[in-house]
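Remarks on the structure that follows.
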Amino acid sequence: MKKTITTILLAVVAMTGWAQTKVFTPEKSDSIDFVITGKTAPSAESVMLFTVAPIRGNQTKAEVGHRLPYGTFVQLGDGLGNDQRFIIDETPIHFDMLKGVITGSPLNNKMNLYQRSEWEIEKQTDAILDSLPEEARTIVEKGAFGESSPAEYEPYKKAVEQLKGYLSQYEETKAAAINDNLDNIIPAYYLHINYGDMTYDELSKYLKEERAYAHHPAMEKVWKKRAVGLQYHDLELPDTTGISHRLSEYVGKGHYALLDFWASWCGPCMKEMPTMKEIYNTYAARGLQMIGISLDSKRDAWLNAIRRLELSWVHLSDLKGWKSIASETYGVRAIPETVLITPDGKILAIGLRGQELKEKLAEIFPE
């Protein structure tokens with residue numbers, strides 16, 4: 001499934017060195033030399049070591065020597081949809097892009113097992129979609145993700161069920177990559193690229209100081225942006241009139257605050273708005289400060305949605321879409337998303353929606 005799984009697999013984790021070294025024995029220097037060799041298709045126009053340097057010359061066999069921080073996650077790609085990820089360490093890397101194989105240290109060999117499994121799943125999902133008429137592909141994808149009813153995808157029910165099976169395999173592979181490697185740094189990669197889609201309960205069991213990956217640089221956002229109990233992060237965004245405001249004008253002022261990340265183009269966000277309006281009408285007068293933070297990029301669409309839906313609370317946006325400072329600051333990788341903050345500015349809960357959010361607020365504001 002190129003549209004979805006490839007997006008996940010192409011995430012690149014760029015790091016600047018170890019934030020702390022207590023999890024390593026012996027300690028490693030910040031940067032080390034490394035060498036990669038391998039081959040890809042003759043038709044590849046280039047082979048790129050993502051975020052580092054292009055590899056030029058003979059495109060079927062490439063070699064590069066460079067220095068990077070020990071433990072950096074790196075992606076290698078040939079521009080033909082063949083991509084592999086590996087970890088910088090002392091052992092030379094050899095790759096075969098056509099087979100989805102990378103060999104190197106025991107740690108890299110282990111990581112490649114998961115990467116190869118994901119690569120094989122992608123090939124199968126692509127084959128299913130490629131076998132369908134173009135107009136059916138979106139229907140099947142939506143059916144597999146539960147975004148359409150059985151009646152809508154009935155003509156393609158078999159393809160939908162097959163796709164669901166492969167998506168389930170992908171989730172199992174991702175979970176195994178984390179759970180089977182709590183004694184090394186592989187989970188840092190998978191948590192970094194997936195934490196935005198995980199509930200706090202799912203994530204909290206992995207946020208343990210003693211874990212080998214706990215202080216890998218890729219974990220910084222996971223700890224700082226998702227951990228309940230930390231202080232909220234202040235930032236500045238324009239309101240609907242263009243006047244800039246800081247969150248600290250509304251948050252940490254002795255009352256509960258609810259940040260609602262949304263966008264006018266987001267279907268699930270629109271479905272959630274009746275609930276958000278009900279929450280506002282029920283709790284605003286009792287001390288809940290609601291702040292809508294939009295990931296829109298078009299001002300008119302943002303303002304029209306606020307007017308059309310009659311959303312009466314505070315609204316802020318820098319209109320930069322997924323490049324918004326708000327998305328970056330709070331690690332929001334999917335919407336709708338909520339962050340509930342205590343009167344003293346501590347993050348109380350993340351990712352509550354619908355009935356779960358209503359029940360939490362009912363606990364905070366009893367009758």
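Chain labels run A, B, ... following the order of the structure tokens; each chain numbers its residues from 1, and ligands are numbered from 1 in the order shown.
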
- Query: Which parts of range 35-222 of chain A does DSSP call strand (DSSP E) when run on the backbone here, written out as a PyMOL selection string?
  - Reply: chain A and resi 35-39+47-49+53-55+61-69+73-77+83-87+93-96+101-103

Considering only C-alpha atoms, give me a table of residues in range 216-330 of chain A that are at most 12 Å from range 174-191 of chain A, with the closest atom pair and distance in Å for each, as CSV.
```
residue,atom,partner,partner_atom,distance
A:His216,CA,A:Ala188,CA,6.6
A:Pro217,CA,A:Ala188,CA,8.3
A:Ala218,CA,A:Ala188,CA,5.9
A:Met219,CA,A:Ala188,CA,5.9
A:Glu220,CA,A:Ala188,CA,9.6
A:Lys221,CA,A:Leu191,CA,9.8
A:Val222,CA,A:Leu191,CA,7.4
A:Trp223,CA,A:Leu191,CA,10.4
A:Arg226,CA,A:Leu191,CA,11.2
```

Convert the current residue selection to file output with N, CA, C and O atoms, as a short mmCIF file (atom, residue, chain, number, x, y, z; two decimals), in the first residue's frame.
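So again.cif came out as:
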```
data_model
loop_
_atom_site.label_atom_id
_atom_site.label_comp_id
_atom_site.auth_asym_id
_atom_site.auth_seq_id
_atom_site.Cartn_x
_atom_site.Cartn_y
_atom_site.Cartn_z
N HIS A 216 17.90 7.82 23.62
CA HIS A 216 18.29 8.00 22.22
C HIS A 216 17.68 9.31 21.75
O HIS A 216 16.56 9.66 22.12
N PRO A 217 18.39 10.10 20.94
CA PRO A 217 17.85 11.39 20.49
C PRO A 217 16.47 11.29 19.82
O PRO A 217 15.69 12.23 19.88
N ALA A 218 16.18 10.17 19.17
CA ALA A 218 14.88 10.01 18.53
C ALA A 218 13.75 9.99 19.54
O ALA A 218 12.59 10.20 19.19
N MET A 219 14.06 9.76 20.81
CA MET A 219 13.03 9.68 21.84
C MET A 219 12.69 11.02 22.46
O MET A 219 11.77 11.13 23.26
N GLU A 220 13.43 12.07 22.08
CA GLU A 220 13.21 13.36 22.72
C GLU A 220 11.77 13.84 22.57
O GLU A 220 11.13 14.25 23.54
N LYS A 221 11.25 13.78 21.34
CA LYS A 221 9.88 14.22 21.14
C LYS A 221 8.88 13.32 21.86
O LYS A 221 7.86 13.79 22.36
N VAL A 222 9.18 12.05 21.89
CA VAL A 222 8.27 11.11 22.53
C VAL A 222 8.14 11.44 24.02
O VAL A 222 7.04 11.48 24.57
N TRP A 223 9.27 11.70 24.67
CA TRP A 223 9.25 12.05 26.08
C TRP A 223 8.63 13.42 26.32
O TRP A 223 7.74 13.58 27.16
N ARG A 226 4.73 13.90 24.58
CA ARG A 226 3.62 12.99 24.81
C ARG A 226 3.46 12.56 26.27
O ARG A 226 2.45 11.95 26.59
#
```

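Proximity ranking of A:Gln84, A:Gln231, A:Thr91, A:Thr138 relative to Met111 in chain A places A:Gln84 first, based on only C-alpha atoms.
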
- Those in range 131-318 of chain A with alpha helix (DSSP H) from DSSP, as a PyMOL selection string: chain A and resi 134-144+150-153+157-179+186-194+200-204+220-226+267-283+299-309

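Residue nearest Thr282 in chain A within the list A:Phe145, A:Asn194, A:Glu161, A:Leu361: A:Leu361 [criterion: smallest interatomic distance, only C-alpha atoms].
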
- Task: Mind checking which residues fall within 8 Å of range 300-316 of chain A, counting only C-alpha atoms, ignoring those fewer than 5 positions away in the same chain, and posting them as a list in words?
- Result: Leu237, Pro238, Asp239, Thr240, Ala263, Ser264, Met273, Lys277, Tyr280, Met290, Ile291, Gly292, Ile293 and Ser294 of chain A

Selected residues, C-alpha atoms, written as a PDB file, in the first residue's frame, please.
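Dumped to selection.pdb:
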```pdb
ATOM      1  CA  LEU A 237       0.058  31.700  17.095  1.00  0.00           C
ATOM      2  CA  PRO A 238      -2.222  34.218  15.344  1.00  0.00           C
ATOM      3  CA  ASP A 239      -5.938  34.281  16.035  1.00  0.00           C
ATOM      4  CA  THR A 240      -8.673  34.681  13.421  1.00  0.00           C
ATOM      5  CA  ALA A 263      -8.436  21.268  10.360  1.00  0.00           C
ATOM      6  CA  SER A 264     -11.320  22.152   8.079  1.00  0.00           C
ATOM      7  CA  MET A 273     -17.230  18.937  16.249  1.00  0.00           C
ATOM      8  CA  LYS A 277     -19.534  22.036  20.882  1.00  0.00           C
ATOM      9  CA  TYR A 280     -17.849  23.810  25.294  1.00  0.00           C
ATOM     10  CA  MET A 290     -10.930  25.620  25.034  1.00  0.00           C
ATOM     11  CA  ILE A 291      -8.397  26.553  22.367  1.00  0.00           C
ATOM     12  CA  GLY A 292      -8.816  25.302  18.829  1.00  0.00           C
ATOM     13  CA  ILE A 293      -5.483  24.933  17.020  1.00  0.00           C
ATOM     14  CA  SER A 294      -5.968  24.461  13.302  1.00  0.00           C
TER      15      SER A 294
END
```

- Query: Which neighbours of Ile93 in chain A fall inside 7 Å, counting only C-alpha atoms, when residues of the same chain fewer than 3 positions from it are skipped, and could you give them as a ChimeraX atom specification?
  - Reply: /A:35-37,102-104

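Using only C-alpha atoms, the smallest distance between any of A:Arg116, A:His192, A:Arg85, A:Lys358 and Glu278 in chain A comes from A:Lys358.
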